[in-house]
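Encoded as structure tokens, the structure appears first; notes follow it.
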Amino acid sequence: MDKEFRKQLDDYIRVRLNEKRYRHTTGVVYTAVRLADRYGADRDKAETAALFHDACKNLDIEEMNMLVDQYRIGDYYIDKPQLAHSKLAAAILEDKFGVTDEDILNAIRYHTTGRAGMSLLEKIIFVADATEPNRTYEEAEDLNKLAFSDLDQACLEVLKWTARLVEESGRYMDPDTTEALRWMDSMLRDQSVEDSRTFAVFAAQTIDDKKGLDVIVLDIRGKSMFADFLLIATGGSERQINALASEVEDRSEKRGRFVRHIEGKNGSGWILMDYGDVVINILSASMREKYDLEKIWSDCEQIEWEV
Ligand SMILES: [Fe+2]
Ligand SMILES: [Fe+2]
């Protein structure tokens with residue numbers, strides 16, 4: 001980041017923020033820049049947004065209302081300093097410092113509420129704001145750690161925390177937060193279904209690779225409470241059934257997938273491997289015919305797994 005520009009922003013906020021808020025800001029800068037490096041975001045943009053995000057936080061309510069009016073932020077923000085300070089900081093950064101980068105401005109605008117469709121930079125500022133090292137609430141440290149391993153998950157947790165805080169304090173819940181929560185929650189859910197599907201396909205290919213027969217994968221979401229995908233395959237002999245199960249277990253472990261439990265290992269002609277979201281059944285031909293699992297799940301869609 002350009003040193004002179006950084007100094008200008010720093011000079012502006014230093015005289016306007018109390019000591020505690022200034023310290024918080026340096027914590028947000030520190031965390032945001034590290035998160036930007038971690039996730040390949042633009043560190044200059046992260047630094048700019050973090051440095052200025054709370055520039056208006058310590059204004060008194062009259063001045064804030066006046067500026068909301070002056071910058072035409074919207075009547076909705078009158079007497080809502082908690083929300084207005086974000087929108088104002090973005091307006092001032094643009095007006096007084098000529099910053100027009102919409103990503104930087106949005107990261108500042110939505111740092112309090114979040115919003116549906118947040119960009120990477122927006123998530124970084126949102127999460128850094130809530131988890132920087134000077135934050136002292138109970139979950140702060142864990143959330144900070146989570147931010148570096150899974151930013152989306154951390155974002156969801158911070159949104160939940162924000163919603164809880166707003167509710168407890170009796171403040172008005174901004175619709176942007178409600179929508180952000182819904183968006184992030186469903187996005188992560190879709191992602192986890194996608195992970196399950198990928199794993200089921202991988203297991204099917206492994207069994208096929210080791211000459212398992214009649215491999216099918218069924219999408220049982222909505223039909224079953226216990227799993228998302230069900231795999232059924234036939235092994236030619238008891239030995240092969242065991243070999244197929246071991247191969248799936250070994251290769252899955254290499255992908256970080258560990259079986260929760262296995263049933264029927266000792267010559268029963270049916271091994272069931274429970275991976276939580278994916279359940280794998282390897283049966284002898286006669287057991288498969290006898291129990292006819294396909295018939296039980298006949299209204300479920302089969303997943304394409306062959307390469
Ligand atoms: Fe703020
Ligand atoms: Fe902040």
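Letters for chains follow the order of the structure tokens (A, B, ...), residue numbers begin at 1 for each chain, and ligand numbers begin at 1 in the order shown.
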
Backbone-only DSSP, alpha helix (DSSP H) members of stretch 153-241 of chain A, as a PyMOL selection string: chain A and resi 153-169+175-209+238-241

Each chain A residue no farther than 7 Å from ligand 1, nearest pair in Å, only C-alpha atoms and all ligand atoms, as CSV:
residue,atom,partner,partner_atom_place_in_ligand_line,distance
A:His53,CA,ligand 1,1 (Fe),6.2
A:Asp54,CA,ligand 1,1 (Fe),4.7
A:Lys57,CA,ligand 1,1 (Fe),6.3
A:His85,CA,ligand 1,1 (Fe),6.6
A:Ser86,CA,ligand 1,1 (Fe),6.0
A:His111,CA,ligand 1,1 (Fe),6.4
A:Thr112,CA,ligand 1,1 (Fe),5.6

A:Arg115 environment, 9 Å, only C-alpha atoms, sequence neighbours closer than 6 positions dropped, as a PyMOL selection string: chain A and resi 122+175-181+183

Restrict the selected residues to N, CA and C atoms and save them as a PDB file, in the first residue's frame.
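The resulting file, selection_4.pdb, is shown below:
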ATOM      1  N   GLU A 122     -15.081  -8.693   1.090  1.00  0.00           N
ATOM      2  CA  GLU A 122     -16.138  -8.377   2.066  1.00  0.00           C
ATOM      3  C   GLU A 122     -16.138  -9.374   3.222  1.00  0.00           C
ATOM      4  N   PRO A 175     -32.123  -6.333   7.421  1.00  0.00           N
ATOM      5  CA  PRO A 175     -32.462  -7.397   6.457  1.00  0.00           C
ATOM      6  C   PRO A 175     -31.227  -7.964   5.745  1.00  0.00           C
ATOM      7  N   ASP A 176     -30.181  -7.137   5.590  1.00  0.00           N
ATOM      8  CA  ASP A 176     -28.955  -7.646   4.949  1.00  0.00           C
ATOM      9  C   ASP A 176     -28.358  -8.812   5.733  1.00  0.00           C
ATOM     10  N   THR A 177     -28.442  -8.733   7.061  1.00  0.00           N
ATOM     11  CA  THR A 177     -27.897  -9.815   7.890  1.00  0.00           C
ATOM     12  C   THR A 177     -28.743 -11.076   7.735  1.00  0.00           C
ATOM     13  N   THR A 178     -30.053 -10.905   7.748  1.00  0.00           N
ATOM     14  CA  THR A 178     -30.951 -12.057   7.590  1.00  0.00           C
ATOM     15  C   THR A 178     -30.692 -12.747   6.249  1.00  0.00           C
ATOM     16  N   GLU A 179     -30.575 -11.928   5.200  1.00  0.00           N
ATOM     17  CA  GLU A 179     -30.344 -12.515   3.874  1.00  0.00           C
ATOM     18  C   GLU A 179     -28.964 -13.140   3.758  1.00  0.00           C
ATOM     19  N   ALA A 180     -27.980 -12.497   4.374  1.00  0.00           N
ATOM     20  CA  ALA A 180     -26.613 -13.048   4.343  1.00  0.00           C
ATOM     21  C   ALA A 180     -26.587 -14.415   5.017  1.00  0.00           C
ATOM     22  N   LEU A 181     -27.281 -14.517   6.148  1.00  0.00           N
ATOM     23  CA  LEU A 181     -27.343 -15.785   6.882  1.00  0.00           C
ATOM     24  C   LEU A 181     -27.957 -16.884   6.015  1.00  0.00           C
ATOM     25  N   TRP A 183     -28.248 -16.975   2.767  1.00  0.00           N
ATOM     26  CA  TRP A 183     -27.389 -17.227   1.599  1.00  0.00           C
ATOM     27  C   TRP A 183     -26.198 -18.121   1.969  1.00  0.00           C
TER      28      TRP A 183
END

Non-local contacts of stretch 155-157 of chain A (12 Å; only C-alpha atoms; under 4 positions in same chain excluded) as a PyMOL selection string: chain A and resi 111-131+139-140+142-144+146-151+161-164+177-189

Who sits within 7 Å of stretch 199-214 of chain A, only C-alpha atoms, same chain under 5 positions skipped, as a ChimeraX atom specification: /A:229,231,233-235,244,248,278,305-306

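Closest approach to ligand 2 among A:Arg38, A:Arg109, A:Lys3, A:Arg257 is made by A:Arg109 (distances from only C-alpha atoms and all ligand atoms).
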